[in-house]
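Asks: Dropping a structure here in structure tokens format, bear with me for questions.
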Amino acid sequence: MMLYLHIPFCKRKCPYCDFISFPGREGEIGRYVGALLREMEQKSDQSGTKTVSSVFFGGGTPSLLPIPELERLFKGLRRHFRLKEGAEITMEANPGTLNPEWLRAALSLGANRLSLGAQAMQDRLLRGIGRIHRAKDVVLAINWAKEAGFSKLSADLMYALPGQSLSDFEESLRLLLGLGLPHLSCYNLTIEGGTPFGRSLKRGEIVPPNEDDELRFFGLAEEVLAAGGLKRYEISNYALPGFESWHNLGYWNRDEYLGLGCAAHSLAGGARFANTSSLEGYISALEAGKSPESERQLLSEAETQFEELMLGLRKMDGVILSEGTFERYAGRLKPLELAGFLGLKGRRARLTAKGLPVMNAILARLMD
Ligand code: SF4
């Protein structure tokens, strides 16, 4: 069993972001943590006797949590859940919000993995995507985290940013490799309607990269990181052996997880369910002793099997399909194998180097 805690506070909203996060509402962190503690109590029943192997503080910006609030959360986690000895506890952090004291406190409370939203290592690109931090903040944050004692360190990088060249991206990859990071995640910028970037795209002020450019970025990440010893283990994630994220792997293996917090999603007991994405709605539901859940979908056998295939194929090792899933999809997997997009060995299916970059088209084909 895994836990996800959503911390929906940010200093400023990045113009491409469509995550649930509320800039300028840090004044409500205390009430929000109180609500999270109440939700832990509610949800602890659902974890039953299962031990928790991974806790992920995501956001938003978990590094905006003041140390006393972090202490309350860790106390609550230990009171309400059975944390496995050596559980992986990840904190997402914005390099523009960190300081050595916070990092030392997070580590001493039990966090043992830090995931930094670096995004790029060129100040002009960081300015262009509205980030509050600069490249030097990433370097400082990594050095402080190492000094504090974090060995599991990761950074997110984005590609296909407006004005970003392949050599910019290569420079970012090399700089982070040079700082000794054992894990990196590389995502392409997706521009969603309803964000300031979405509106700029509509007005023609942003030119989206074409598919070929995206493939070049995708290929470059693998080439540079493999040379530095980081193996791609999922379509967007790279790690030195042994540094793969437990939370990510659990997610793609369809392990059960409970999401706590505003807009947090869960997978447990054969259902996917989610909390309200209204900050006030979330806090006031819990203050009134009610559940903050706003949607629940019981998964049918067909939906479960599609998820098994779709999530499993994201991993480079592929997925050993259950018998029922293999039977349902064998007729659609074989032609993809013959065309060289997929390898099949018994019930194990994995994308080939030819299939990886076109994963979305393959999944669409499998959905038909
Ligand atoms: S820091 Fe992250 S969560 Fe917050 S607005 Fe920017 S991209 Fe969104």
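Please note that chains go A, B, ... in the order of the structure tokens, that every chain numbers its residues from 1, and that ligands are numbered from 1 in the order shown.
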All residues within 7 Å of ligand 1 are required, counting only C-alpha atoms and all ligand atoms; please report them as an mmCIF file with C-alpha atoms, in the first residue's frame.
Replies:
data_model
loop_
_atom_site.group_PDB
_atom_site.id
_atom_site.type_symbol
_atom_site.label_atom_id
_atom_site.label_comp_id
_atom_site.auth_asym_id
_atom_site.auth_seq_id
_atom_site.Cartn_x
_atom_site.Cartn_y
_atom_site.Cartn_z
ATOM 1 C CA CYS A 10 2.376 27.457 -4.564
ATOM 2 C CA ARG A 12 2.974 31.724 -7.846
ATOM 3 C CA LYS A 13 1.074 29.895 -10.573
ATOM 4 C CA CYS A 14 3.259 28.818 -13.520
ATOM 5 C CA CYS A 17 0.313 24.459 -15.007
ATOM 6 C CA ASP A 18 -3.069 22.777 -14.749
ATOM 7 C CA PHE A 19 -2.399 20.940 -11.493
ATOM 8 C CA SER A 21 -2.614 24.373 -6.723
ATOM 9 C CA GLY A 59 1.953 19.253 -5.177
ATOM 10 C CA GLY A 60 1.713 22.044 -5.468
ATOM 11 C CA THR A 61 4.802 22.760 -3.468
ATOM 12 C CA ASN A 94 10.621 23.785 -5.621
ATOM 13 C CA ARG A 131 9.193 29.615 -12.703
#
Asks: For Asp156 (chain A), please output as a ChimeraX atom specification all residues within 8 Å (counting only C-alpha atoms; exclusion window: fewer than 5 positions along the same chain).
Replies: /A:115-119,184-187
Asks: When you look at region 133-140 of chain A with a cut-off of 12 Å (counting only C-alpha atoms), what residues show up, excluding the ones that are within fewer than 4 positions of it in the same chain? I need them as an MDAnalysis selection string.
Replies: chainID A and resid 11:12 14 93:100 103 115:129 144:147 153:157 171:172 175:181
Asks: So that I have them on file, write out the residues from the current selection with C-alpha atoms, as a short mmCIF file (atom, residue, chain, number, x, y, z; two decimals), in the first residue's frame.
Replies:
data_model
loop_
_atom_site.label_atom_id
_atom_site.label_comp_id
_atom_site.auth_asym_id
_atom_site.auth_seq_id
_atom_site.Cartn_x
_atom_site.Cartn_y
_atom_site.Cartn_z
CA LYS A 11 4.08 30.82 -4.34
CA ARG A 12 2.97 31.72 -7.85
CA CYS A 14 3.26 28.82 -13.52
CA ALA A 93 10.33 20.56 -3.69
CA ASN A 94 10.62 23.78 -5.62
CA PRO A 95 14.27 24.90 -5.69
CA GLY A 96 13.09 28.50 -5.14
CA THR A 97 11.65 27.67 -1.71
CA LEU A 98 14.36 25.56 -0.07
CA ASN A 99 16.87 26.24 2.67
CA PRO A 100 19.30 23.98 4.56
CA LEU A 103 15.99 20.05 4.35
CA SER A 115 12.38 15.36 -6.00
CA LEU A 116 13.26 18.83 -7.30
CA GLY A 117 11.26 20.67 -9.94
CA ALA A 118 14.32 21.95 -11.82
CA GLN A 119 12.62 22.03 -15.28
CA ALA A 120 15.57 23.66 -17.10
CA MET A 121 19.02 25.01 -16.30
CA GLN A 122 18.86 28.19 -18.40
CA ASP A 123 17.49 31.31 -16.70
CA ARG A 124 15.91 32.65 -19.89
CA LEU A 125 13.87 29.41 -20.24
CA LEU A 126 12.91 29.39 -16.56
CA ARG A 127 11.73 33.01 -16.89
CA GLY A 128 9.83 32.08 -20.05
CA ILE A 129 7.84 29.37 -18.28
CA TRP A 144 22.20 21.61 0.50
CA ALA A 145 20.24 18.36 0.12
CA LYS A 146 23.45 16.34 -0.14
CA GLU A 147 24.94 18.13 2.88
CA LEU A 153 17.80 12.81 -5.18
CA SER A 154 15.80 13.40 -8.30
CA ALA A 155 15.02 16.33 -10.58
CA ASP A 156 12.31 16.96 -13.14
CA LEU A 157 13.30 18.47 -16.46
CA GLU A 171 23.27 21.24 -21.26
CA SER A 172 20.58 20.81 -18.57
CA LEU A 175 24.69 19.80 -15.60
CA LEU A 176 22.36 17.67 -13.48
CA LEU A 177 24.34 14.51 -14.23
CA GLY A 178 27.49 16.38 -13.25
CA LEU A 179 25.88 17.21 -9.90
CA GLY A 180 25.59 13.47 -9.28
CA LEU A 181 21.82 13.01 -9.40
#
Asks: At a cut-off of 8 Å, using only C-alpha atoms, what residues contact His80 (chain A)? Leave out same-chain residues fewer than 4 positions from it and give the result as a ChimeraX atom specification.
Replies: /A:40-41,44,76
Asks: Can you tell me which residues surround Leu65 (chain A) at a distance of at most 12 Å, considering only C-alpha atoms, apart from same-chain residues fewer than 2 positions away, and format the answer as an mmCIF file with N, CA, C and O atoms, in the first residue's frame?
Replies:
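And here's around_31.cif as it stands now:
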data_model
loop_
_atom_site.group_PDB
_atom_site.id
_atom_site.type_symbol
_atom_site.label_atom_id
_atom_site.label_comp_id
_atom_site.auth_asym_id
_atom_site.auth_seq_id
_atom_site.Cartn_x
_atom_site.Cartn_y
_atom_site.Cartn_z
ATOM 1 N N HIS A 6 -1.362 15.350 -1.093
ATOM 2 C CA HIS A 6 -1.306 16.501 -1.997
ATOM 3 C C HIS A 6 -1.199 17.798 -1.194
ATOM 4 O O HIS A 6 -2.031 18.061 -0.325
ATOM 5 N N ILE A 7 -0.184 18.579 -1.508
ATOM 6 C CA ILE A 7 0.025 19.869 -0.831
ATOM 7 C C ILE A 7 -0.215 20.970 -1.879
ATOM 8 O O ILE A 7 0.691 21.309 -2.656
ATOM 9 N N PRO A 8 -1.414 21.534 -1.916
ATOM 10 C CA PRO A 8 -1.816 22.345 -3.088
ATOM 11 C C PRO A 8 -1.476 23.830 -2.972
ATOM 12 O O PRO A 8 -2.289 24.672 -3.361
ATOM 13 N N PHE A 9 -0.310 24.141 -2.404
ATOM 14 C CA PHE A 9 0.041 25.554 -2.254
ATOM 15 C C PHE A 9 1.254 25.856 -3.124
ATOM 16 O O PHE A 9 2.157 25.029 -3.235
ATOM 17 N N CYS A 10 1.240 27.020 -3.756
ATOM 18 C CA CYS A 10 2.376 27.457 -4.564
ATOM 19 C C CYS A 10 2.574 28.940 -4.336
ATOM 20 O O CYS A 10 1.621 29.659 -4.049
ATOM 21 N N LYS A 11 3.814 29.390 -4.496
ATOM 22 C CA LYS A 11 4.076 30.823 -4.338
ATOM 23 C C LYS A 11 3.408 31.595 -5.454
ATOM 24 O O LYS A 11 2.823 32.646 -5.260
ATOM 25 N N ARG A 25 -2.079 31.365 -1.039
ATOM 26 C CA ARG A 25 -3.007 30.982 0.043
ATOM 27 C C ARG A 25 -2.287 30.227 1.158
ATOM 28 O O ARG A 25 -2.875 29.391 1.841
ATOM 29 N N GLU A 26 -1.000 30.573 1.307
ATOM 30 C CA GLU A 26 -0.209 29.887 2.344
ATOM 31 C C GLU A 26 -0.783 30.113 3.739
ATOM 32 O O GLU A 26 -0.546 29.331 4.654
ATOM 33 N N GLY A 27 -1.553 31.183 3.896
ATOM 34 C CA GLY A 27 -2.177 31.464 5.198
ATOM 35 C C GLY A 27 -3.115 30.335 5.624
ATOM 36 O O GLY A 27 -3.470 30.245 6.806
ATOM 37 N N GLU A 28 -3.527 29.492 4.694
ATOM 38 C CA GLU A 28 -4.467 28.424 5.045
ATOM 39 C C GLU A 28 -3.778 27.078 5.313
ATOM 40 O O GLU A 28 -4.451 26.060 5.504
ATOM 41 N N ILE A 29 -2.438 27.092 5.287
ATOM 42 C CA ILE A 29 -1.719 25.813 5.454
ATOM 43 C C ILE A 29 -2.069 25.141 6.782
ATOM 44 O O ILE A 29 -2.296 23.927 6.833
ATOM 45 N N GLY A 30 -2.155 25.912 7.857
ATOM 46 C CA GLY A 30 -2.433 25.330 9.180
ATOM 47 C C GLY A 30 -3.773 24.586 9.187
ATOM 48 O O GLY A 30 -3.857 23.443 9.642
ATOM 49 N N TYR A 32 -5.361 23.494 6.591
ATOM 50 C CA TYR A 32 -5.269 22.391 5.625
ATOM 51 C C TYR A 32 -4.601 21.172 6.273
ATOM 52 O O TYR A 32 -5.075 20.033 6.112
ATOM 53 N N VAL A 33 -3.514 21.408 7.002
ATOM 54 C CA VAL A 33 -2.831 20.279 7.669
ATOM 55 C C VAL A 33 -3.777 19.633 8.678
ATOM 56 O O VAL A 33 -3.843 18.405 8.787
ATOM 57 N N PHE A 57 4.853 13.038 -0.938
ATOM 58 C CA PHE A 57 4.288 14.383 -0.750
ATOM 59 C C PHE A 57 4.420 15.107 -2.089
ATOM 60 O O PHE A 57 5.523 15.454 -2.505
ATOM 61 N N GLY A 58 3.286 15.309 -2.777
ATOM 62 C CA GLY A 58 3.344 15.955 -4.089
ATOM 63 C C GLY A 58 2.557 17.257 -4.091
ATOM 64 O O GLY A 58 1.879 17.603 -3.124
ATOM 65 N N GLY A 59 2.657 17.958 -5.198
ATOM 66 C CA GLY A 59 1.953 19.253 -5.177
ATOM 67 C C GLY A 59 1.592 19.768 -6.536
ATOM 68 O O GLY A 59 1.557 19.010 -7.501
ATOM 69 N N GLY A 60 1.389 21.113 -6.554
ATOM 70 C CA GLY A 60 1.713 22.044 -5.468
ATOM 71 C C GLY A 60 3.198 22.039 -5.096
ATOM 72 O O GLY A 60 4.034 21.542 -5.834
ATOM 73 N N THR A 61 3.433 22.592 -3.943
ATOM 74 C CA THR A 61 4.802 22.760 -3.468
ATOM 75 C C THR A 61 4.918 22.313 -2.011
ATOM 76 O O THR A 61 4.770 23.132 -1.092
ATOM 77 N N PRO A 62 5.185 21.007 -1.780
ATOM 78 C CA PRO A 62 5.326 20.548 -0.402
ATOM 79 C C PRO A 62 6.411 21.288 0.378
ATOM 80 O O PRO A 62 6.317 21.406 1.598
ATOM 81 N N SER A 63 7.434 21.801 -0.349
ATOM 82 C CA SER A 63 8.511 22.488 0.382
ATOM 83 C C SER A 63 8.057 23.838 0.933
ATOM 84 O O SER A 63 8.828 24.524 1.604
ATOM 85 N N ILE A 67 8.149 24.006 8.986
ATOM 86 C CA ILE A 67 8.639 22.823 9.713
ATOM 87 C C ILE A 67 7.628 22.316 10.765
ATOM 88 O O ILE A 67 7.367 21.111 10.836
ATOM 89 N N PRO A 68 6.991 23.190 11.557
ATOM 90 C CA PRO A 68 6.034 22.662 12.552
ATOM 91 C C PRO A 68 4.858 21.913 11.902
ATOM 92 O O PRO A 68 4.352 20.938 12.460
ATOM 93 N N GLU A 69 4.448 22.349 10.706
ATOM 94 C CA GLU A 69 3.351 21.643 10.016
ATOM 95 C C GLU A 69 3.833 20.291 9.499
ATOM 96 O O GLU A 69 3.100 19.303 9.516
ATOM 97 N N LEU A 70 5.087 20.266 9.029
ATOM 98 C CA LEU A 70 5.663 18.976 8.605
ATOM 99 C C LEU A 70 5.691 18.006 9.773
ATOM 100 O O LEU A 70 5.364 16.830 9.639
ATOM 101 N N GLU A 71 6.071 18.541 10.944
ATOM 102 C CA GLU A 71 6.132 17.679 12.147
ATOM 103 C C GLU A 71 4.761 17.104 12.448
ATOM 104 O O GLU A 71 4.620 15.914 12.748
ATOM 105 N N ARG A 72 3.717 17.940 12.355
ATOM 106 C CA ARG A 72 2.348 17.447 12.622
ATOM 107 C C ARG A 72 1.996 16.326 11.645
ATOM 108 O O ARG A 72 1.395 15.320 12.010
ATOM 109 N N LEU A 73 2.363 16.513 10.374
ATOM 110 C CA LEU A 73 2.005 15.513 9.360
ATOM 111 C C LEU A 73 2.717 14.184 9.599
ATOM 112 O O LEU A 73 2.116 13.112 9.505
ATOM 113 N N PHE A 74 4.000 14.257 9.913
ATOM 114 C CA PHE A 74 4.736 13.008 10.145
ATOM 115 C C PHE A 74 4.223 12.275 11.387
ATOM 116 O O PHE A 74 4.139 11.050 11.410
ATOM 117 N N MET A 91 9.672 13.825 -0.869
ATOM 118 C CA MET A 91 9.117 15.174 -0.821
ATOM 119 C C MET A 91 9.409 15.840 -2.159
ATOM 120 O O MET A 91 10.573 15.911 -2.566
ATOM 121 N N GLU A 92 8.374 16.357 -2.811
ATOM 122 C CA GLU A 92 8.622 17.208 -3.972
ATOM 123 C C GLU A 92 8.996 18.594 -3.451
ATOM 124 O O GLU A 92 8.460 19.030 -2.430
ATOM 125 N N ALA A 93 9.896 19.251 -4.173
ATOM 126 C CA ALA A 93 10.334 20.562 -3.685
ATOM 127 C C ALA A 93 10.603 21.500 -4.854
ATOM 128 O O ALA A 93 11.074 21.073 -5.903
ATOM 129 N N ASN A 94 10.293 22.759 -4.635
ATOM 130 C CA ASN A 94 10.621 23.785 -5.621
ATOM 131 C C ASN A 94 11.943 24.418 -5.195
ATOM 132 O O ASN A 94 12.063 24.893 -4.060
ATOM 133 N N THR A 97 12.248 27.557 -3.047
ATOM 134 C CA THR A 97 11.647 27.667 -1.709
ATOM 135 C C THR A 97 12.475 26.965 -0.642
ATOM 136 O O THR A 97 12.046 26.884 0.503
ATOM 137 N N LEU A 98 13.630 26.421 -1.021
ATOM 138 C CA LEU A 98 14.356 25.564 -0.066
ATOM 139 C C LEU A 98 15.403 26.313 0.745
ATOM 140 O O LEU A 98 15.897 27.356 0.324
ATOM 141 N N TRP A 102 15.283 23.616 6.450
ATOM 142 C CA TRP A 102 14.086 22.849 6.084
ATOM 143 C C TRP A 102 14.488 21.441 5.634
ATOM 144 O O TRP A 102 13.852 20.453 6.010
ATOM 145 N N LEU A 103 15.557 21.361 4.849
ATOM 146 C CA LEU A 103 15.989 20.048 4.347
ATOM 147 C C LEU A 103 16.429 19.140 5.500
ATOM 148 O O LEU A 103 16.078 17.961 5.541
ATOM 149 N N ALA A 105 15.414 19.318 8.566
ATOM 150 C CA ALA A 105 14.216 18.955 9.343
ATOM 151 C C ALA A 105 13.440 17.850 8.632
ATOM 152 O O ALA A 105 13.021 16.870 9.258
ATOM 153 N N ALA A 106 13.261 17.997 7.312
ATOM 154 C CA ALA A 106 12.497 16.990 6.559
ATOM 155 C C ALA A 106 13.171 15.622 6.689
ATOM 156 O O ALA A 106 12.514 14.596 6.908
#
Asks: List every residue of region 98-308 of chain A that DSSP, applied to the backbone of this structure, assigns to strand (DSSP E or B), and report them as a PyMOL selection string.
Replies: chain A and resi 113-119+152-159+183-188+231-234+237-239+257-260+265-268+271-275+293-298
Asks: Could you please determine the separation between CA of Arg272 (chain A) and CA of Arg296 (chain A) in Å, to one decimal place?
Replies: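 Between CA of Arg272 (chain A) and CA of Arg296 (chain A) the gap is 5.9 Å.
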Asks: Neighbours of Gln297 (chain A) within 12 Å (only C-alpha atoms; same-chain residues fewer than 2 positions away dropped), as a list in words?
Replies: His265, Ser266, Leu267, Ala268, Gly269, Gly270, Ala271, Arg272, Phe273, Ala274, Glu293, Ser294, Glu295, Leu299, Ser300, Glu303 and Thr304 of chain A
Asks: Any chance you could list, as a PyMOL selection string, the residues in region 36-202 of chain A that come up helix (DSSP H, G or I) when DSSP is run on the backbone?
Replies: chain A and resi 36-47+62-64+67-80+95-97+100-109+123-128+135-148+166-178+196-202
Asks: Export C-alpha atoms of the chosen residues as an mmCIF file, in the first residue's frame?
Replies:
data_model
loop_
_atom_site.group_PDB
_atom_site.id
_atom_site.type_symbol
_atom_site.label_atom_id
_atom_site.label_comp_id
_atom_site.auth_asym_id
_atom_site.auth_seq_id
_atom_site.Cartn_x
_atom_site.Cartn_y
_atom_site.Cartn_z
ATOM 1 C CA LEU A 36 -5.211 16.205 6.306
ATOM 2 C CA LEU A 37 -4.815 14.804 9.817
ATOM 3 C CA ARG A 38 -8.573 14.236 10.033
ATOM 4 C CA GLU A 39 -8.522 12.523 6.645
ATOM 5 C CA MET A 40 -5.667 10.275 7.803
ATOM 6 C CA GLU A 41 -7.936 9.147 10.636
ATOM 7 C CA GLN A 42 -10.809 8.486 8.187
ATOM 8 C CA LYS A 43 -8.645 6.655 5.665
ATOM 9 C CA SER A 44 -6.601 4.627 8.129
ATOM 10 C CA ASP A 45 -9.491 2.112 8.196
ATOM 11 C CA GLN A 46 -9.061 1.551 4.460
ATOM 12 C CA SER A 47 -5.415 0.600 4.808
ATOM 13 C CA PRO A 62 5.326 20.548 -0.402
ATOM 14 C CA SER A 63 8.511 22.488 0.382
ATOM 15 C CA LEU A 64 6.270 25.436 1.336
ATOM 16 C CA ILE A 67 8.639 22.823 9.713
ATOM 17 C CA PRO A 68 6.034 22.662 12.552
ATOM 18 C CA GLU A 69 3.351 21.643 10.016
ATOM 19 C CA LEU A 70 5.663 18.976 8.605
ATOM 20 C CA GLU A 71 6.132 17.679 12.147
ATOM 21 C CA ARG A 72 2.348 17.447 12.622
ATOM 22 C CA LEU A 73 2.005 15.513 9.360
ATOM 23 C CA PHE A 74 4.736 13.008 10.145
ATOM 24 C CA LYS A 75 3.292 12.461 13.620
ATOM 25 C CA GLY A 76 -0.120 11.830 12.039
ATOM 26 C CA LEU A 77 1.311 9.437 9.474
ATOM 27 C CA ARG A 78 2.955 7.360 12.189
ATOM 28 C CA ARG A 79 -0.141 7.424 14.379
ATOM 29 C CA HIS A 80 -2.623 6.363 11.694
ATOM 30 C CA PRO A 95 14.265 24.901 -5.691
ATOM 31 C CA GLY A 96 13.091 28.499 -5.144
ATOM 32 C CA THR A 97 11.647 27.667 -1.709
ATOM 33 C CA PRO A 100 19.295 23.981 4.561
ATOM 34 C CA GLU A 101 17.269 24.082 7.792
ATOM 35 C CA TRP A 102 14.086 22.849 6.084
ATOM 36 C CA LEU A 103 15.989 20.048 4.347
ATOM 37 C CA ARG A 104 17.605 18.899 7.601
ATOM 38 C CA ALA A 105 14.216 18.955 9.343
ATOM 39 C CA ALA A 106 12.497 16.990 6.559
ATOM 40 C CA LEU A 107 15.227 14.346 6.654
ATOM 41 C CA SER A 108 15.201 14.032 10.439
ATOM 42 C CA LEU A 109 11.409 13.628 10.418
ATOM 43 C CA ASP A 123 17.487 31.312 -16.697
ATOM 44 C CA ARG A 124 15.906 32.647 -19.895
ATOM 45 C CA LEU A 125 13.875 29.414 -20.236
ATOM 46 C CA LEU A 126 12.911 29.387 -16.555
ATOM 47 C CA ARG A 127 11.735 33.008 -16.887
ATOM 48 C CA GLY A 128 9.835 32.082 -20.051
ATOM 49 C CA ALA A 135 19.448 27.661 -12.339
ATOM 50 C CA LYS A 136 21.711 28.642 -9.444
ATOM 51 C CA ASP A 137 18.865 27.777 -7.010
ATOM 52 C CA VAL A 138 18.828 24.226 -8.388
ATOM 53 C CA VAL A 139 22.578 23.873 -7.826
ATOM 54 C CA LEU A 140 22.277 25.293 -4.304
ATOM 55 C CA ALA A 141 19.312 23.042 -3.479
ATOM 56 C CA ILE A 142 21.169 19.923 -4.628
ATOM 57 C CA ASN A 143 24.262 20.816 -2.617
ATOM 58 C CA TRP A 144 22.202 21.607 0.504
ATOM 59 C CA ALA A 145 20.238 18.361 0.122
ATOM 60 C CA LYS A 146 23.452 16.342 -0.137
ATOM 61 C CA GLU A 147 24.940 18.125 2.884
ATOM 62 C CA ALA A 148 21.752 17.428 4.842
ATOM 63 C CA LEU A 166 18.379 20.626 -28.260
ATOM 64 C CA SER A 167 21.678 21.972 -26.959
ATOM 65 C CA ASP A 168 19.864 23.789 -24.109
ATOM 66 C CA PHE A 169 18.303 20.494 -23.109
ATOM 67 C CA GLU A 170 21.573 18.626 -23.430
ATOM 68 C CA GLU A 171 23.270 21.238 -21.260
ATOM 69 C CA SER A 172 20.580 20.809 -18.568
ATOM 70 C CA LEU A 173 20.947 17.020 -18.641
ATOM 71 C CA ARG A 174 24.727 17.220 -18.396
ATOM 72 C CA LEU A 175 24.690 19.797 -15.603
ATOM 73 C CA LEU A 176 22.365 17.667 -13.485
ATOM 74 C CA LEU A 177 24.337 14.506 -14.233
ATOM 75 C CA GLY A 178 27.486 16.384 -13.254
ATOM 76 C CA PRO A 196 -2.339 31.184 -19.793
ATOM 77 C CA PHE A 197 -0.089 29.150 -22.123
ATOM 78 C CA GLY A 198 -3.178 27.525 -23.653
ATOM 79 C CA ARG A 199 -4.569 30.986 -24.435
ATOM 80 C CA SER A 200 -1.208 32.151 -25.859
ATOM 81 C CA LEU A 201 -1.169 29.071 -28.074
ATOM 82 C CA LYS A 202 -4.644 29.915 -29.345
#
